[in-house]
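Source file: query-v9.pdb (PDB, C-alpha atoms)
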```pdb
ATOM      1  CA  MET B   1     -13.439  12.765   4.982
ATOM      2  CA  PHE B   2     -13.320   9.962   7.554
ATOM      3  CA  ALA B   3     -17.040   9.222   7.148
ATOM      4  CA  SER B   4     -16.648   8.920   3.373
ATOM      5  CA  LEU B   5     -13.598   6.676   3.806
ATOM      6  CA  GLU B   6     -15.546   4.469   6.197
ATOM      7  CA  ALA B   7     -18.527   4.268   3.813
ATOM      8  CA  TYR B   8     -16.218   3.489   0.897
ATOM      9  CA  ALA B   9     -14.514   0.716   2.871
ATOM     10  CA  GLN B  10     -17.830  -0.731   4.056
ATOM     11  CA  GLU B  11     -19.185  -0.899   0.509
ATOM     12  CA  ILE B  12     -16.110  -2.742  -0.712
ATOM     13  CA  VAL B  13     -16.159  -5.172   2.210
ATOM     14  CA  ALA B  14     -19.886  -5.811   1.691
ATOM     15  CA  PHE B  15     -19.290  -6.503  -2.005
ATOM     16  CA  VAL B  16     -16.434  -8.898  -1.209
ATOM     17  CA  ALA B  17     -18.605 -10.665   1.387
ATOM     18  CA  LEU B  18     -21.259 -11.273  -1.276
ATOM     19  CA  HIS B  19     -18.858 -12.084  -4.098
ATOM     20  CA  ARG B  20     -16.045 -14.050  -2.463
ATOM     21  CA  ALA B  21     -14.517 -15.197  -5.745
ATOM     22  CA  TRP B  22     -13.742 -11.550  -6.469
ATOM     23  CA  ALA B  23     -11.782 -11.102  -3.228
ATOM     24  CA  PRO B  24      -8.263 -11.709  -4.621
ATOM     25  CA  PRO B  25      -8.601  -9.417  -7.686
ATOM     26  CA  ILE B  26     -10.297  -6.705  -5.615
ATOM     27  CA  VAL B  27      -7.639  -6.938  -2.904
ATOM     28  CA  PHE B  28      -4.919  -6.849  -5.585
ATOM     29  CA  ALA B  29      -6.448  -3.661  -7.042
ATOM     30  CA  LEU B  30      -6.827  -2.053  -3.598
ATOM     31  CA  ALA B  31      -3.235  -2.799  -2.608
ATOM     32  CA  PHE B  32      -1.964  -1.687  -6.034
ATOM     33  CA  GLY B  33      -3.851   1.600  -5.741
ATOM     34  CA  GLU B  34      -2.717   2.102  -2.159
ATOM     35  CA  SER B  35       0.907   1.675  -3.263
ATOM     36  CA  LEU B  36       0.935   3.550  -6.571
ATOM     37  CA  ALA B  37       2.417   7.034  -6.187
ATOM     38  CA  PHE B  38      -0.397   9.117  -7.664
ATOM     39  CA  ILE B  39      -3.410   6.944  -6.929
ATOM     40  CA  SER B  40      -2.627   6.325  -3.245
ATOM     41  CA  LEU B  41      -3.153  10.002  -2.506
ATOM     42  CA  LEU B  42      -6.686   9.779  -3.906
ATOM     43  CA  VAL B  43      -7.870   6.312  -2.867
ATOM     44  CA  PRO B  44      -6.753   5.197   0.578
ATOM     45  CA  ALA B  45      -7.566   1.494   0.589
ATOM     46  CA  TRP B  46      -6.148   0.429   3.964
ATOM     47  CA  ALA B  47      -9.541   0.564   5.717
ATOM     48  CA  ALA B  48     -11.104  -1.784   3.157
ATOM     49  CA  LEU B  49      -8.147  -4.166   3.477
ATOM     50  CA  VAL B  50      -8.539  -4.243   7.252
ATOM     51  CA  GLY B  51     -12.276  -4.875   6.792
ATOM     52  CA  ILE B  52     -11.536  -7.743   4.417
ATOM     53  CA  GLY B  53      -9.278  -9.092   7.177
ATOM     54  CA  VAL B  54     -12.394  -9.273   9.360
ATOM     55  CA  LEU B  55     -14.006 -11.467   6.678
ATOM     56  CA  ILE B  56     -10.956 -13.726   6.801
ATOM     57  CA  ASN B  57     -11.322 -13.962  10.593
ATOM     58  CA  SER B  58     -14.971 -14.960  10.246
ATOM     59  CA  GLY B  59     -14.020 -17.813   7.931
ATOM     60  CA  ALA B  60     -15.754 -16.222   4.948
ATOM     61  CA  LEU B  61     -12.463 -15.949   3.025
ATOM     62  CA  SER B  62      -9.252 -17.916   2.850
ATOM     63  CA  PHE B  63      -6.201 -15.984   4.057
ATOM     64  CA  TRP B  64      -3.625 -17.278   1.553
ATOM     65  CA  PRO B  65      -5.025 -16.148  -1.818
ATOM     66  CA  VAL B  66      -6.100 -12.785  -0.387
ATOM     67  CA  TRP B  67      -2.700 -12.254   1.267
ATOM     68  CA  ILE B  68      -0.779 -13.126  -1.906
ATOM     69  CA  ALA B  69      -3.030 -10.857  -3.989
ATOM     70  CA  ALA B  70      -2.557  -7.954  -1.567
ATOM     71  CA  ALA B  71       1.216  -8.422  -1.423
ATOM     72  CA  LEU B  72       1.588  -8.660  -5.202
ATOM     73  CA  GLY B  73      -0.657  -5.637  -5.750
ATOM     74  CA  ALA B  74       1.397  -3.591  -3.280
ATOM     75  CA  ALA B  75       4.740  -4.717  -4.728
ATOM     76  CA  ILE B  76       3.700  -4.026  -8.315
ATOM     77  CA  GLY B  77       2.315  -0.610  -7.333
ATOM     78  CA  ASP B  78       5.633   0.293  -5.718
ATOM     79  CA  TRP B  79       7.594  -1.134  -8.643
ATOM     80  CA  LEU B  80       5.608   1.057 -11.043
ATOM     81  CA  SER B  81       6.178   4.104  -8.808
ATOM     82  CA  TYR B  82       9.912   3.338  -8.789
ATOM     83  CA  TRP B  83       9.920   3.006 -12.590
ATOM     84  CA  ILE B  84       8.068   6.336 -12.977
ATOM     85  CA  GLY B  85      10.648   7.975 -10.714
ATOM     86  CA  ARG B  86      13.522   6.571 -12.801
ATOM     87  CA  LYS B  87      11.963   7.723 -16.071
ATOM     88  CA  LEU B  88      10.625  11.159 -15.084
ATOM     89  CA  GLU B  89      13.099  12.055 -12.339
ATOM     90  CA  TYR B  90      12.320  15.442 -10.720
ATOM     91  CA  ARG B  91       9.743  16.327 -13.407
ATOM     92  CA  VAL B  92       7.368  14.075 -11.466
ATOM     93  CA  GLN B  93       6.888  16.891  -8.929
ATOM     94  CA  ASN B  94       4.973  18.868 -11.562
ATOM     95  CA  ILE B  95       2.373  16.141 -12.128
ATOM     96  CA  TRP B  96      -0.948  16.310 -10.298
ATOM     97  CA  PRO B  97      -1.647  15.352  -7.491
ATOM     98  CA  LEU B  98       2.015  15.653  -6.432
ATOM     99  CA  SER B  99       2.044  19.244  -7.675
ATOM    100  CA  ARG B 100      -0.624  19.964  -5.032
ATOM    101  CA  ASN B 101       1.403  18.218  -2.309
ATOM    102  CA  PRO B 102       4.864  19.731  -2.763
ATOM    103  CA  ARG B 103       6.150  18.391   0.579
ATOM    104  CA  LEU B 104       5.830  14.709  -0.382
ATOM    105  CA  ILE B 105       8.894  14.431  -2.612
ATOM    106  CA  PRO B 106      11.267  16.312  -0.245
ATOM    107  CA  MET B 107       9.876  14.273   2.671
ATOM    108  CA  GLY B 108      10.502  11.051   0.759
ATOM    109  CA  GLU B 109      13.939  12.294  -0.321
ATOM    110  CA  ALA B 110      15.033  12.984   3.269
ATOM    111  CA  PHE B 111      13.675   9.619   4.339
ATOM    112  CA  VAL B 112      15.451   7.659   1.566
ATOM    113  CA  LYS B 113      18.723   9.525   2.154
ATOM    114  CA  LYS B 114      18.558   8.739   5.871
ATOM    115  CA  TRP B 115      17.434   5.106   5.706
ATOM    116  CA  GLY B 116      18.469   3.861   2.268
ATOM    117  CA  VAL B 117      17.091   0.440   1.283
ATOM    118  CA  LEU B 118      15.669  -0.066   4.780
ATOM    119  CA  GLY B 119      13.603   3.061   4.110
ATOM    120  CA  ILE B 120      11.740   1.218   1.343
ATOM    121  CA  PHE B 121      10.676  -1.393   3.879
ATOM    122  CA  ILE B 122       9.809   1.118   6.616
ATOM    123  CA  GLY B 123       8.153   3.608   4.255
ATOM    124  CA  ARG B 124       5.504   1.109   3.220
ATOM    125  CA  PHE B 125       3.952   1.343   6.678
ATOM    126  CA  PHE B 126       3.460   5.145   6.744
ATOM    127  CA  GLY B 127       0.770   6.758   4.563
ATOM    128  CA  PRO B 128       2.403   9.721   2.804
ATOM    129  CA  LEU B 129       5.767   7.950   2.672
ATOM    130  CA  ARG B 130       4.161   4.908   1.048
ATOM    131  CA  ALA B 131       3.273   7.149  -1.897
ATOM    132  CA  SER B 132       6.589   8.945  -2.263
ATOM    133  CA  VAL B 133       9.433   6.653  -1.132
ATOM    134  CA  PRO B 134       9.418   4.294  -4.172
ATOM    135  CA  LEU B 135       9.143   7.295  -6.478
ATOM    136  CA  VAL B 136      12.108   8.961  -4.782
ATOM    137  CA  ALA B 137      14.087   5.705  -4.870
ATOM    138  CA  GLY B 138      13.593   5.714  -8.633
ATOM    139  CA  ILE B 139      14.522   9.385  -8.939
ATOM    140  CA  PHE B 140      17.794   8.718  -7.079
ATOM    141  CA  GLN B 141      18.464   5.598  -9.142
ATOM    142  CA  MET B 142      18.526   3.233  -6.152
ATOM    143  CA  PRO B 143      19.935  -0.072  -7.437
ATOM    144  CA  TYR B 144      17.083  -2.050  -8.973
ATOM    145  CA  TRP B 145      17.571  -5.320  -7.082
ATOM    146  CA  HIS B 146      18.118  -3.583  -3.742
ATOM    147  CA  PHE B 147      14.814  -1.792  -4.264
ATOM    148  CA  GLN B 148      12.995  -4.960  -5.334
ATOM    149  CA  LEU B 149      14.235  -6.983  -2.364
ATOM    150  CA  ALA B 150      12.945  -4.369   0.060
ATOM    151  CA  ASN B 151       9.808  -3.819  -2.036
ATOM    152  CA  PHE B 152       8.655  -7.443  -2.201
ATOM    153  CA  SER B 153       9.610  -8.373   1.369
ATOM    154  CA  SER B 154       7.847  -5.311   2.785
ATOM    155  CA  ALA B 155       4.787  -5.918   0.583
ATOM    156  CA  PHE B 156       4.254  -9.384   2.030
ATOM    157  CA  VAL B 157       4.718  -8.142   5.603
ATOM    158  CA  TRP B 158       2.478  -5.086   5.036
ATOM    159  CA  ALA B 159      -0.298  -7.211   3.503
ATOM    160  CA  ALA B 160      -0.159  -9.676   6.389
ATOM    161  CA  VAL B 161      -0.273  -6.860   8.951
ATOM    162  CA  LEU B 162      -3.298  -5.159   7.362
ATOM    163  CA  LEU B 163      -5.229  -8.367   6.854
ATOM    164  CA  THR B 164      -4.486  -9.706  10.331
ATOM    165  CA  LEU B 165      -5.271  -6.326  11.889
ATOM    166  CA  GLY B 166      -8.908  -7.038  11.099
ATOM    167  CA  ASP B 167      -8.491 -10.405  12.799
ATOM    168  CA  VAL B 168      -6.884  -8.840  15.877
ATOM    169  CA  VAL B 169      -9.579  -6.165  16.148
ATOM    170  CA  THR B 170     -12.357  -8.743  15.833
ATOM    171  CA  THR B 171     -10.766 -10.990  18.440
ATOM    172  CA  GLY B 172     -10.237  -8.024  20.783
ATOM    173  CA  VAL B 173     -13.847  -6.883  20.449
ATOM    174  CA  ARG B 174     -15.095 -10.417  21.138
ATOM    175  CA  TRP B 175     -12.847 -10.676  24.172
ATOM    176  CA  LEU B 176     -13.872  -7.257  25.563
ATOM    177  CA  TRP B 177     -17.601  -7.774  25.081
ATOM    178  CA  GLY B 178     -17.642 -11.487  25.751
ATOM    179  CA  GLY B 179     -19.031 -12.358  22.285
TER
END
```

Give the structure from this file in structure tokens form.
Amino acid sequence: MFASLEAYAQEIVAFVALHRAWAPPIVFALAFGESLAFISLLVPAWAALVGIGVLINSGALSFWPVWIAAALGAAIGDWLSYWIGRKLEYRVQNIWPLSRNPRLIPMGEAFVKKWGVLGIFIGRFFGPLRASVPLVAGIFQMPYWHFQLANFSSAFVWAAVLLTLGDVVTTGVRWLWGG
């Protein structure tokens, strides 16, 4: 699994390195997929986003358009997950791939009940929660604007963290090996 994830991420990063104009739409799609309830379970995009952060560190890409694209993709993915939760409510548990991961909705439910709106912000930073928390917030009818405030603010922070993680790793490797 990890080897295929690494190969997948490397292919995307290599494509973005060759086709820089495509970086913002590709990053938008990766962040959207990473944040959308059903897709995020199938296509973990965080490794590619960190790798694209390395390209930013090298000067091959500009941070601002990539960061905005990643943040908007993540926020729209979560918004759509929230909307699906509001419309389908608990029936969403019967839809694949959630039907194959029955613990995700109860895990997200416990998390949202404990943390409330802050849970939307925190949940973005933890893999399985990232997929289920917005969905659960919709199921429980969390107030729309409370959700959106936490959604958009966390999306911009999350995108910055992932993209600068590549920068931090590159800088650390250079420092350790004197490159």

Determine the nearest neighbour of Val168 in chain B from the options B:Val13, B:Leu55, B:Ile68, B:Leu149, counting all atoms listed in the file.
->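 Counting all atoms listed in the file, the residue closest to Val168 in chain B is B:Leu55.
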
Can you list what the PyMOL selection byres ((chain B and resi 30) around 12) grabs from this structure, as a VMD selection string?
-> chain B and resid 8 to 9 12 to 13 23 to 29 31 to 36 39 to 40 42 to 50 52 66 69 to 77 159 162

Within 12 Å of Val92 in chain B, counting all atoms listed in the file, which residues show up once you throw out same-chain ones fewer than 4 positions away? Write them as a ChimeraX atom specification, please.
-> /B:37-38,81-88,96-102,104-105,132,135-136,138-139

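CA of Gly108 in chain B is positioned 8.8 Å from CA of Arg130 in chain B.
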
Coordinates-based distance that separates CA of Ile120 in chain B from CA of Gln93 in chain B (Å, one decimal) =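 So the two atoms, CA of Gln93 in chain B and CA of Ile120 in chain B, lie 19.4 Å apart.
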
Interatomic distance, CA of Leu5 in chain B to CA of Gly51 in chain B (Å, one decimal) | 12.0 Å

Kindly indicate which residue among B:Phe63, B:Phe152, B:Phe126, B:Trp115 lies nearest to Gly166 in chain B, using all atoms listed in the file for the distances.
->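 Distance minimum relative to Gly166 in chain B lands on B:Phe63.
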
Give the answer as one residue: which of B:Trp64, B:Pro143, B:Thr171, B:Val133 has the shortest atom-to-atom distance to Phe156 in chain B, using all atoms listed in the file?
->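 Among the listed residues, the smallest separation from Phe156 in chain B belongs to B:Trp64.
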
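When all atoms listed in the file are used to compute distances to Asn151 in chain B, the closest of the residues B:Pro106, B:Gly53, B:Gly178, B:Pro134 turns out to be B:Pro134.
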
Between B:Asn57, B:Trp67, B:Trp22, B:Trp79, which one has atoms that come closest to Tyr144 in chain B, using only C-alpha atoms?
->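 That would be B:Trp79, the residue with the smallest distance to Tyr144 in chain B.
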
Draw an axis-aligned box over all listed atoms of range 124-137 of chain B, pad each side with 8 Å, and write its centre and edge lengths in Å, one decimal, as JSON.
```
{"center_x": 7.4, "center_y": 5.4, "center_z": 0.1, "size_x": 29.3, "size_y": 24.6, "size_z": 29.2}
```

Long-range neighbours of Thr170 in chain B as a list in words, 9 Å cut-off, all atoms listed in the file, 3 positions minimum in chain = Val54, Asn57, Ser58, Leu165, Gly166, Asp167, Val173, Arg174 and Trp175 of chain B

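Minimum atom-to-atom distance to Gly119 in chain B, evaluated using only C-alpha atoms, belongs to B:Ala150 out of B:Ala131, B:Ala150, B:Glu11, B:Phe140.
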
All heavy atoms restored at range 114-125 of chain B, emitted as a CSV table (one decimal), in the coordinates of the input:
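The result, stored in out.csv:
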```csv
chain,number,residue,atom,x,y,z
B,114,LYS,N,18.2,9.1,4.5
B,114,LYS,CA,18.6,8.7,5.9
B,114,LYS,C,18.6,7.2,6.0
B,114,LYS,O,19.5,6.7,6.6
B,114,LYS,CB,17.6,9.3,6.8
B,114,LYS,CG,17.8,8.9,8.3
B,114,LYS,CD,16.9,9.6,9.2
B,114,LYS,CE,17.2,9.2,10.7
B,114,LYS,NZ,16.3,9.9,11.6
B,115,TRP,N,17.6,6.5,5.4
B,115,TRP,CA,17.4,5.1,5.7
B,115,TRP,C,17.9,4.2,4.6
B,115,TRP,O,18.0,3.0,4.8
B,115,TRP,CB,16.0,4.8,6.0
B,115,TRP,CG,15.6,5.4,7.3
B,115,TRP,CD1,14.9,6.6,7.5
B,115,TRP,CD2,15.8,5.0,8.6
B,115,TRP,NE1,14.7,6.9,8.8
B,115,TRP,CE2,15.2,5.9,9.5
B,115,TRP,CE3,16.4,3.8,9.1
B,115,TRP,CZ2,15.3,5.7,10.9
B,115,TRP,CZ3,16.5,3.7,10.5
B,115,TRP,CH2,15.9,4.6,11.4
B,116,GLY,N,18.0,4.7,3.4
B,116,GLY,CA,18.5,3.9,2.3
B,116,GLY,C,17.5,2.8,1.9
B,116,GLY,O,16.2,3.0,2.0
B,117,VAL,N,18.0,1.6,1.7
B,117,VAL,CA,17.1,0.4,1.3
B,117,VAL,C,16.1,0.1,2.4
B,117,VAL,O,15.0,-0.2,2.2
B,117,VAL,CB,17.9,-0.8,0.9
B,117,VAL,CG1,17.1,-2.0,0.7
B,117,VAL,CG2,18.7,-0.5,-0.4
B,118,LEU,N,16.6,0.2,3.7
B,118,LEU,CA,15.7,-0.1,4.8
B,118,LEU,C,14.5,0.9,4.8
B,118,LEU,O,13.4,0.5,5.2
B,118,LEU,CB,16.4,0.0,6.1
B,118,LEU,CG,15.7,-0.3,7.4
B,118,LEU,CD1,15.1,-1.7,7.3
B,118,LEU,CD2,16.6,-0.1,8.6
B,119,GLY,N,14.7,2.1,4.2
B,119,GLY,CA,13.6,3.1,4.1
B,119,GLY,C,12.5,2.6,3.2
B,119,GLY,O,11.3,3.0,3.4
B,120,ILE,N,12.8,1.8,2.2
B,120,ILE,CA,11.7,1.2,1.3
B,120,ILE,C,10.8,0.3,2.2
B,120,ILE,O,9.6,0.4,2.1
B,120,ILE,CB,12.4,0.4,0.2
B,120,ILE,CG1,13.3,1.3,-0.6
B,120,ILE,CG2,11.3,-0.2,-0.7
B,120,ILE,CD1,12.7,2.5,-1.2
B,121,PHE,N,11.4,-0.5,3.0
B,121,PHE,CA,10.7,-1.4,3.9
B,121,PHE,C,9.8,-0.6,4.9
B,121,PHE,O,8.6,-0.8,5.0
B,121,PHE,CB,11.6,-2.4,4.6
B,121,PHE,CG,10.9,-3.5,5.2
B,121,PHE,CD1,10.8,-4.7,4.6
B,121,PHE,CD2,10.4,-3.4,6.5
B,121,PHE,CE1,10.2,-5.8,5.1
B,121,PHE,CE2,9.7,-4.5,7.1
B,121,PHE,CZ,9.6,-5.7,6.4
B,122,ILE,N,10.5,0.3,5.6
B,122,ILE,CA,9.8,1.1,6.6
B,122,ILE,C,8.7,2.0,6.0
B,122,ILE,O,7.6,2.1,6.6
B,122,ILE,CB,10.8,2.0,7.4
B,122,ILE,CG1,11.8,1.1,8.2
B,122,ILE,CG2,10.1,2.9,8.4
B,122,ILE,CD1,13.0,1.8,8.7
B,123,GLY,N,9.1,2.7,4.9
B,123,GLY,CA,8.2,3.6,4.3
B,123,GLY,C,6.8,3.0,3.9
B,123,GLY,O,5.8,3.7,3.8
B,124,ARG,N,6.8,1.7,3.6
B,124,ARG,CA,5.5,1.1,3.2
B,124,ARG,C,4.4,1.2,4.3
B,124,ARG,O,3.3,1.2,4.1
B,124,ARG,CB,5.7,-0.4,2.9
B,124,ARG,CG,4.4,-1.0,2.5
B,124,ARG,CD,4.5,-2.3,1.8
B,124,ARG,NE,5.4,-2.5,0.8
B,124,ARG,CZ,5.2,-2.3,-0.5
B,124,ARG,NH1,4.1,-1.7,-0.9
B,124,ARG,NH2,6.1,-2.6,-1.4
B,125,PHE,N,4.9,1.4,5.5
B,125,PHE,CA,4.0,1.3,6.7
B,125,PHE,C,3.5,2.7,7.1
B,125,PHE,O,2.7,2.8,8.1
B,125,PHE,CB,4.6,0.6,7.9
B,125,PHE,CG,4.8,-0.8,7.6
B,125,PHE,CD1,6.0,-1.3,7.0
B,125,PHE,CD2,3.8,-1.7,7.9
B,125,PHE,CE1,6.1,-2.6,6.7
B,125,PHE,CE2,4.0,-3.1,7.6
B,125,PHE,CZ,5.1,-3.5,7.0
```
